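First up is the structure itself, then whatever we jot down about it.
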Amino acid sequence: MGEGRNKEFLMQYGYFDDQNKEYVITRPDTPQSWSNYLGSTAYGAIITNNAGGYGFYQSGARGRFLRLRFNSIPTDQPGRYFYLRDDESGDYWSASWQPVGKPLSEYDSVCRHGTGYTVIESKYNGIRSQATYYVPLGQNFEYWRLNVTNESDRPRELSLFTYCEFSNNWETTQDGVNLQYSLFIVRGEYLDRLDNCPSGLLRITSQDNLPISTDPAQGDVGRCVWMGLTGAPLSGYDSDRAAFLGPYRGYHNPLAVERGGCSNSKAYGDNACGALHCQITLQPGESRQVLVLLGIGEARAVGAQTLQTFGSFERADLELEKLKAHWHSQLGRLVVETPDEELNHTLNVWGLYNCLITFNWSRATSLVYNGERDGLGFRDSVQDILGVLTAIPEAARQRLELLLTGQVQNGGAIPVIRPFEHRPGHEKAPAPEEFRSDDCLWFFDAVPAYVNETGDFDFYNKILPYADQGEDTVFGHLRRALEFNLERTGRNGLPCGLLADWNDCLKLGFHGESLFVAFQVYRGLKILAEIAQALNRPADKAWAERERAKLEERIRACAWDGEWFIWAIGEDGTVYGTKDFEEGQIYLNTQVWAVISGAATPEQAQTCMKAVRERLATPYGLMLCAPPFVKTSIEVMRAVVFNPGVKENAGIFNHT
């Protein structure tokens, strides 16, 4: 999308409000569901501009307690819904445009995606509503707050309904696929008499005869979710999805809302939902609020205590202000002003917020990632640290230590780290054919960046265990990372690509050589020598300089094709990335890293960057390679399965 079209696209659907640190979506029919993240790495949630999304505890794969159906239409349903019904006329709508979907000629909606919260405002038939969703800091529950105002000139009798859909089994594959099992384990009930609790609670359990646990590492054990409402007397409830929606209906026309009341159903197998119904009367100009709390844990203990402590509008206000202050303090540590307004948006708020969210969740959970990764991708998460160092240096250090303990003693790494069950010193090392070549080389970006940002130079001396056995200083971990690659070289003495380098689609054979990794190692050796000098470790400095000189000679011997650097040499000796190749002649990563690493001579640097500009630059960004792969064997480049111009097949990677 070109610059002019990009601005038009953004202004068509919304705008950046940097003062309030919110992105404001001014019309709800966005091309795709635009989502925000709520909560923490303990209790997390996805919510979209139409209140779609799901919730999970620790793991999007094994701890998902709110259900979402991936790749469905719309992409974000079900979600966290408020339905409103005019009890005089029988007309009903939702506080977010979807799922009811009233005509936009009659329905106004504005969504404000903020930092850890989302506000959806709507106006329909003289009734204005504002729904606010957030997870208080450090808590395992979420708030849904609904403010309803009568802007018509007559009294209005309204019914308000909540709706969400609970997972029967928190393990997402079991919940969605193993229906002969999961449809028999859920139970729902309403607890209306609880000591010291301002209202009753909906209680949803799976496998009620087993101990309640909120630890996904425990596996297939009982789980409990609760839901309560304050601010208005309860008129009814449903915990059975079929009873609320009705047969042959959907989220857009639930039977209970249409007829104006729930049936007090109790889920006993099949599928569970969270539907609470209350009725309010509003005079012209009058406003009323209701507050919904939804969380995990045993309802009679955790739920009742949480509702007692947090179930007031005053406490909800306080928790929202604390949440905003927490996020805004992180975003306020770096403020820049440039003549480019869009660059200011990115640097001051949205690029950093994106980085912070990515730091929290890696690629484990979203509307696209459905939880199958179930943890932190190793190389991705090391890279993610670079984006958040100025904002959260202490958390960045903790993540660095976690990832360093994901390195095995031979210098390679476990590809996915699961923080909720990681046991350094006791993990199983990957099989030789499962190692990726670049994983631990990203430490040469993240570790020095952390030390330079914080001045914590002694971090290099901290002793941390390897994942499988043994321990070493951080400096020792860094050296071992380089030794891993130097011990695994091909016929030209360059580091092997192994299972993959950064490009997971690249398959060179176990002894095929990656120039991208060669440049990473070249740079890592230079950085290690500098650290060794500062630590007064002359032997390590001398070793790194010797290895760098040898690697430089090997690169000079085979890597330059006259106008750019090749990108790989296959196990069979095939050279990839030359002007003689019909596909994938020039590869972005190797050109960029030749310059970043300092391996390119000044003349080579100028020439290969000129080739990048001429051959890879487009109005929309830089392609990863050119021309795209169409005929290349899938045994060498799995990106051939992607359409030309998509993803690793000459796609444009625009991600923070």
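Just remember, in the structure tokens the first chain shown is A, the second B, etc., residues are 1-based per chain, and ligands are 1-based in the order shown.
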
(message) Residues near segment 148-160 of chain A, anyone? I mean within 7 Å using only C-alpha atoms, not counting same-chain ones fewer than 6 positions away, as a PyMOL selection string.
(response) chain A and resi 82-88+126-130+277-289

(message) When DSSP is applied to the backbone of this structure, which of segment 365-495 of chain A are assigned strand (DSSP E or B)? Write them out as an MDAnalysis selection string.
(response) chainID A and resid 376:377 407 413 416:417 436 463:465 471:473 489 495

For the residues in that selection, give me N, CA and C atoms as a tab-separated table (two decimals), in the first residue's frame.
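Written out: part.tsv:
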```tsv
chain	number	residue	atom	x	y	z
A	376	LEU	N	7.45	-19.31	24.15
A	376	LEU	CA	8.23	-18.24	23.55
A	376	LEU	C	9.17	-18.82	22.51
A	377	GLY	N	8.97	-18.45	21.25
A	377	GLY	CA	9.92	-18.83	20.23
A	377	GLY	C	11.29	-18.25	20.59
A	407	GLN	N	19.53	-22.14	26.45
A	407	GLN	CA	20.67	-22.59	25.65
A	407	GLN	C	21.20	-23.89	26.24
A	413	ALA	N	20.20	-24.18	21.04
A	413	ALA	CA	19.09	-23.75	21.89
A	413	ALA	C	17.87	-24.63	21.69
A	416	VAL	N	11.62	-23.59	21.54
A	416	VAL	CA	10.50	-22.92	22.20
A	416	VAL	C	10.69	-23.05	23.71
A	417	ILE	N	10.62	-21.93	24.43
A	417	ILE	CA	10.74	-21.92	25.88
A	417	ILE	C	9.36	-21.69	26.48
A	436	ARG	N	18.60	-25.07	15.06
A	436	ARG	CA	18.67	-23.98	14.09
A	436	ARG	C	19.97	-23.23	14.31
A	463	ILE	N	26.49	-16.17	36.70
A	463	ILE	CA	26.49	-17.59	36.37
A	463	ILE	C	25.05	-18.07	36.20
A	464	LEU	N	24.78	-18.68	35.05
A	464	LEU	CA	23.45	-19.20	34.74
A	464	LEU	C	23.58	-20.63	34.24
A	465	PRO	N	22.62	-21.49	34.57
A	465	PRO	CA	22.69	-22.88	34.10
A	465	PRO	C	22.36	-22.97	32.62
A	471	GLU	N	26.72	-25.20	33.83
A	471	GLU	CA	26.46	-23.77	33.99
A	471	GLU	C	27.67	-23.00	33.53
A	472	ASP	N	27.48	-21.69	33.38
A	472	ASP	CA	28.58	-20.84	32.93
A	472	ASP	C	28.18	-19.40	33.18
A	473	THR	N	29.17	-18.51	33.07
A	473	THR	CA	28.85	-17.08	33.12
A	473	THR	C	28.12	-16.70	31.84
A	489	THR	N	30.60	-26.55	10.45
A	489	THR	CA	30.88	-25.84	9.20
A	489	THR	C	30.83	-26.80	8.03
A	495	PRO	N	29.70	-21.43	8.47
A	495	PRO	CA	28.74	-22.08	9.36
A	495	PRO	C	27.59	-22.74	8.60
```

(request) Tell me which of A:Gln19, A:Asn461, A:Asn643, A:Gln606 sits closest to Gly332 of chain A, counting only C-alpha atoms. (result) A:Gln19

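Proximity to Pro628 of chain A at 8 Å, evaluated using only C-alpha atoms and with sequence-adjacent residues fewer than 3 positions away removed, yields Glu583, Gly584, Cys625, Pro644, Gly645, Asn649 and Ala650 of chain A.
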
Emit the selected residues as a CSV table (one decimal), in the first residue's frame, including all heavy atoms.
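File produced: result_30.csv:
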```csv
chain,number,residue,atom,x,y,z
A,583,GLU,N,15.8,-17.8,-10.1
A,583,GLU,CA,15.0,-17.4,-9.0
A,583,GLU,C,15.9,-17.1,-7.7
A,583,GLU,O,16.9,-17.8,-7.6
A,583,GLU,CB,14.0,-18.5,-8.7
A,583,GLU,CG,13.0,-18.8,-9.8
A,583,GLU,CD,12.1,-20.0,-9.6
A,583,GLU,OE1,12.3,-20.6,-8.5
A,583,GLU,OE2,11.3,-20.3,-10.4
A,584,GLY,N,15.4,-16.2,-6.9
A,584,GLY,CA,16.2,-15.9,-5.7
A,584,GLY,C,17.6,-15.5,-5.9
A,584,GLY,O,18.5,-15.8,-5.2
A,625,CYS,N,13.6,-11.2,-1.1
A,625,CYS,CA,14.5,-11.8,-2.2
A,625,CYS,C,13.8,-11.4,-3.5
A,625,CYS,O,12.7,-11.0,-3.5
A,625,CYS,CB,14.7,-13.3,-2.0
A,625,CYS,SG,13.1,-14.2,-2.1
A,644,PRO,N,4.0,-16.3,-5.0
A,644,PRO,CA,5.0,-15.3,-5.2
A,644,PRO,C,4.6,-13.9,-4.6
A,644,PRO,O,3.5,-13.4,-4.8
A,644,PRO,CB,5.1,-15.2,-6.7
A,644,PRO,CG,4.7,-16.6,-7.2
A,644,PRO,CD,3.6,-17.0,-6.2
A,645,GLY,N,5.6,-13.3,-3.9
A,645,GLY,CA,5.3,-12.0,-3.2
A,645,GLY,C,4.7,-12.1,-1.8
A,645,GLY,O,4.4,-11.1,-1.2
A,649,ASN,N,8.6,-15.9,0.4
A,649,ASN,CA,8.8,-16.0,-1.1
A,649,ASN,C,8.7,-14.6,-1.7
A,649,ASN,O,7.7,-14.3,-2.3
A,649,ASN,CB,7.7,-16.9,-1.7
A,649,ASN,CG,8.1,-17.3,-3.1
A,649,ASN,OD1,9.1,-16.9,-3.6
A,649,ASN,ND2,7.2,-18.0,-3.8
A,650,ALA,N,9.7,-13.8,-1.5
A,650,ALA,CA,9.8,-12.4,-2.0
A,650,ALA,C,8.7,-11.5,-1.4
A,650,ALA,O,8.3,-10.6,-2.0
A,650,ALA,CB,9.7,-12.4,-3.5
```

(request) Within 10 Å of Arg556 of chain A, counting only C-alpha atoms, which residues show up once you throw out same-chain ones fewer than 3 positions away? Write them as JSON, numbers by chain, please. (result) {"A": [551, 552, 553, 559, 560, 599, 600, 601]}

(message) I need the alpha helix (DSSP H) residues of segment 260-363 of chain A per DSSP on the backbone, written as a PyMOL selection string.
(response) chain A and resi 304-310+313-331+341-345+351-361

(message) Here is a test: counting only C-alpha atoms, which residue of A:Thr75, A:Thr618, A:Ser122, A:Ser109 is nearest to Ile25 of chain A?
(response)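 Of all the options, A:Ser109 lies closest to Ile25 of chain A.
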
(message) Under the rule that only C-alpha atoms are counted, which of A:Thr454, A:Gln58, A:Asn410, A:Asn492 is the nearest residue to Gln469 of chain A?
(response)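 Smallest distance to Gln469 of chain A is found for A:Asn410.
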
(request) Figure out the distance between atom CA of Ala272 of chain A and atom CA of Glu142 of chain A, please, to one decimal in Å. (result)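 These atoms are spaced 18.5 Å apart.
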
(request) In Å, rounded to a single decimal, give me how far atom CA of Ala594 of chain A is from atom CA of Gly412 of chain A. (result) 22.8 Å
